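Trainee: Okay, handing you the structure first.
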Amino acid sequence: MRSRRPDFPLLAANPSLHYLDSAATTQKPAVVLDAMRAYYEHDNANPHRGAYALSVRATDRYHESRERIARFLGVRDASCLLFTRGTTEALNLVATAWGGANVRAGDEIVITALEHHANFVPWQQLANASGAALRICQLTRDGRLDLDHLASLITARTRVVAFNHVSNALGTVNPVREIARLARAAGALSVCDGAQGAPHFPVRFDDLGVDFYAFSGHKMCGPMGIGALIGRREVLEAMPPYQFGGDMIEFVHDDRSSWNVLPHKFEAGTPNVAGAVGLAAAVEYLDGIGMDAIARHEQSLVRLASERLAAIDGVRIFGPPPEHRSGVVSFTYGDIHPHDLASILDSEGVCVRAGHHCAQPLMRRLDVPATARASFYIYNDVADVDALVAALATAKSVFAFAGH
Ligand SMILES: Cc1ncc(COP(=O)(O)O)c(C=O)c1O
């Protein structure tokens, strides 16, 4: 794959920056920035509400963007792709709207120990509010879901199984179809957090067998503040709305209201049109490269980084072997606290994340307070891996000097 770095103004302007934090958010290519600017310069108006040509244009841009993004994710029925602020809002939408209407005392909710807080806390809070029991699938020693344990947790009492496509903390890729099949066989709904799936390899929602799939635009070259929840039409139609206000209603009487059709029923208020336009430009850009090529590129960098890091005395890598992992390498280095490590790496121009990665239940099970995490994307190459390895050598000398 040719270097994509020149496509990204921030990276092009900072040639010595080694950005290895794309699991948190990706950099934005010029085509996305240009599309958003062009939208505001030529098409901006409040959509859906105006009878004038400019508002119709804004409405068209919004809906064309939805269709483009739906096509990217293999969603035949674009009205089942609901725009949200991102994965967090999408998962809260399901837990609040569907969960509030369908989960009762005596029911069971199954999640996993691998979840980001965005797919953990909403279900925990639903369990607490409804009196349902929260069941947590445990992990194998190398950070994969224990599928035997998962199968034993899913019973006739299970109402929903929520799990991620890829762990943001370890990079573990989960067998989505198999988990969706287990849930369906028990009559439970399946909810997949795709925040680290959709950006990194081809995803076809209609083939996955899940009821819901959530993702964030900013982790796939799109802007912040836009993402989506994709749902199955029957489930979305049977669910109550999540928020109330403009656009989502059909009729409002003094004492009751009725709801608009999908997707509007779940999109109350003025939508983020420029965000949708930017995300549509992002998926067009990713498709231009090819999601298979992106997956292969990341896989080669993850393998290389894993090998190079494993060869350093004192480095401990968390998570499964690279063939079961997406673009993430999570590690510790001797007894250097990951936050200190990240600061030293930063002084060498290497950006990695350090902390619990919004996965405290996972960190407890790994028995570490934090890890450092390098994550890779289309604009990374071997030079970034070299810089990471060189910066770790600097960290070693700094901490040896400090008496560690
Ligand atoms: C696996 C996973 N789920 C959910 C989220 C939350 O995404 P957002 O903050 O974009 O809503 C993230 C973000 O890091 C994530 O990696």
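Letters A, B, ... mark the chains of the structure tokens in the order given; residue numbers begin at 1 per chain; ligand numbers begin at 1, in order shown.
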Among stretch 258-391 of chain A, which residues carry a DSSP assignment of alpha helix (DSSP H), reported as a PyMOL selection string?
Mentor: chain A and resi 273-289+291-310+338-347+360-366+382-391
Trainee: Would you return as a VMD selection string the members of stretch 22-177 of chain A that DSSP assigns to strand (DSSP E or B) on this structure's backbone?
Mentor: chain A and resid 81 to 84 108 to 112 133 to 137 139 145 158 to 164 166 172 to 173
Trainee: Which polymer residues have any atom within 12 Å of an atom of A:Leu392, counting only C-alpha atoms, with same-chain residues fewer than 3 positions away left out, as a PyMOL selection string?
Mentor: chain A and resi 308-309+311-315+331-334+336+338+340-350+352+372+385-389+395-399
Trainee: What's around A:Ser330 at 9 Å? Count only C-alpha atoms, leave out sequence neighbours fewer than 5 positions away in its own chain, and write the answer as a list in words.
Mentor: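 My reading of the contact set: Ala169, Leu170, Gly171, Arg316, Ile317, Phe318, Gly319, Thr371, Ala372, Arg373, Ala374 and Ser375 of chain A.
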Trainee: As an exercise, work out the distance from atom CA of A:Val273 to atom CA of A:Leu236 in Å and give it to one decimal place.
Mentor: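 The value is 22.1 Å.
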Trainee: List every residue of chain A that has an atom at most 7 Å from any atom of ligand 1, and for each one report the closest atom pair and its distance in Å to one decimal, counting only C-alpha atoms and all ligand atoms, with rows sorted by chain and then by increasing residue number, as CSV.
Mentor:
```
residue,atom,partner,partner_atom_place_in_ligand_line,distance
A:Ala23,CA,ligand 1,16 (O),6.2
A:Ala24,CA,ligand 1,14 (O),5.0
A:Gly86,CA,ligand 1,11 (O),4.3
A:Thr87,CA,ligand 1,11 (O),3.9
A:Thr88,CA,ligand 1,11 (O),3.6
A:Glu89,CA,ligand 1,11 (O),6.3
A:Glu115,CA,ligand 1,1 (C),6.7
A:His116,CA,ligand 1,3 (N),5.0
A:Ala118,CA,ligand 1,4 (C),5.1
A:Asn119,CA,ligand 1,3 (N),6.4
A:Asn164,CA,ligand 1,1 (C),6.1
A:Val166,CA,ligand 1,1 (C),6.4
A:Ser167,CA,ligand 1,1 (C),5.4
A:Asn168,CA,ligand 1,16 (O),4.4
A:Asp193,CA,ligand 1,3 (N),5.8
A:Gly194,CA,ligand 1,1 (C),6.7
A:Ala195,CA,ligand 1,2 (C),4.8
A:Gln196,CA,ligand 1,1 (C),5.4
A:Ser216,CA,ligand 1,10 (O),4.8
A:His218,CA,ligand 1,10 (O),6.7
```
Trainee: Using only C-alpha atoms, find the one residue out of A:Val261, A:Val382, A:Ala162, A:Met36 that sits nearest to A:Ala281.
Mentor: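 Using only C-alpha atoms, the shortest distance to A:Ala281 belongs to A:Met36.
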Trainee: Which residues are near A:Pro6? Cut-off 10 Å, only C-alpha atoms, ignore same chain within fewer than 4 positions. Put them as a list in words.
Mentor: Leu10, Leu11, Ala12, Ala13, Pro15, Pro29, Ala30 and Tyr379 of chain A
Trainee: Pick from A:Val235, A:Val110, A:Ile154, A:Met224: nearest to A:Gly275, with only C-alpha atoms counted?
Mentor: A:Met224
Trainee: Pick from A:Ala310, A:Ile249, A:Val75, A:Ala183: nearest to A:Thr155, with only C-alpha atoms counted?
Mentor: A:Ala183
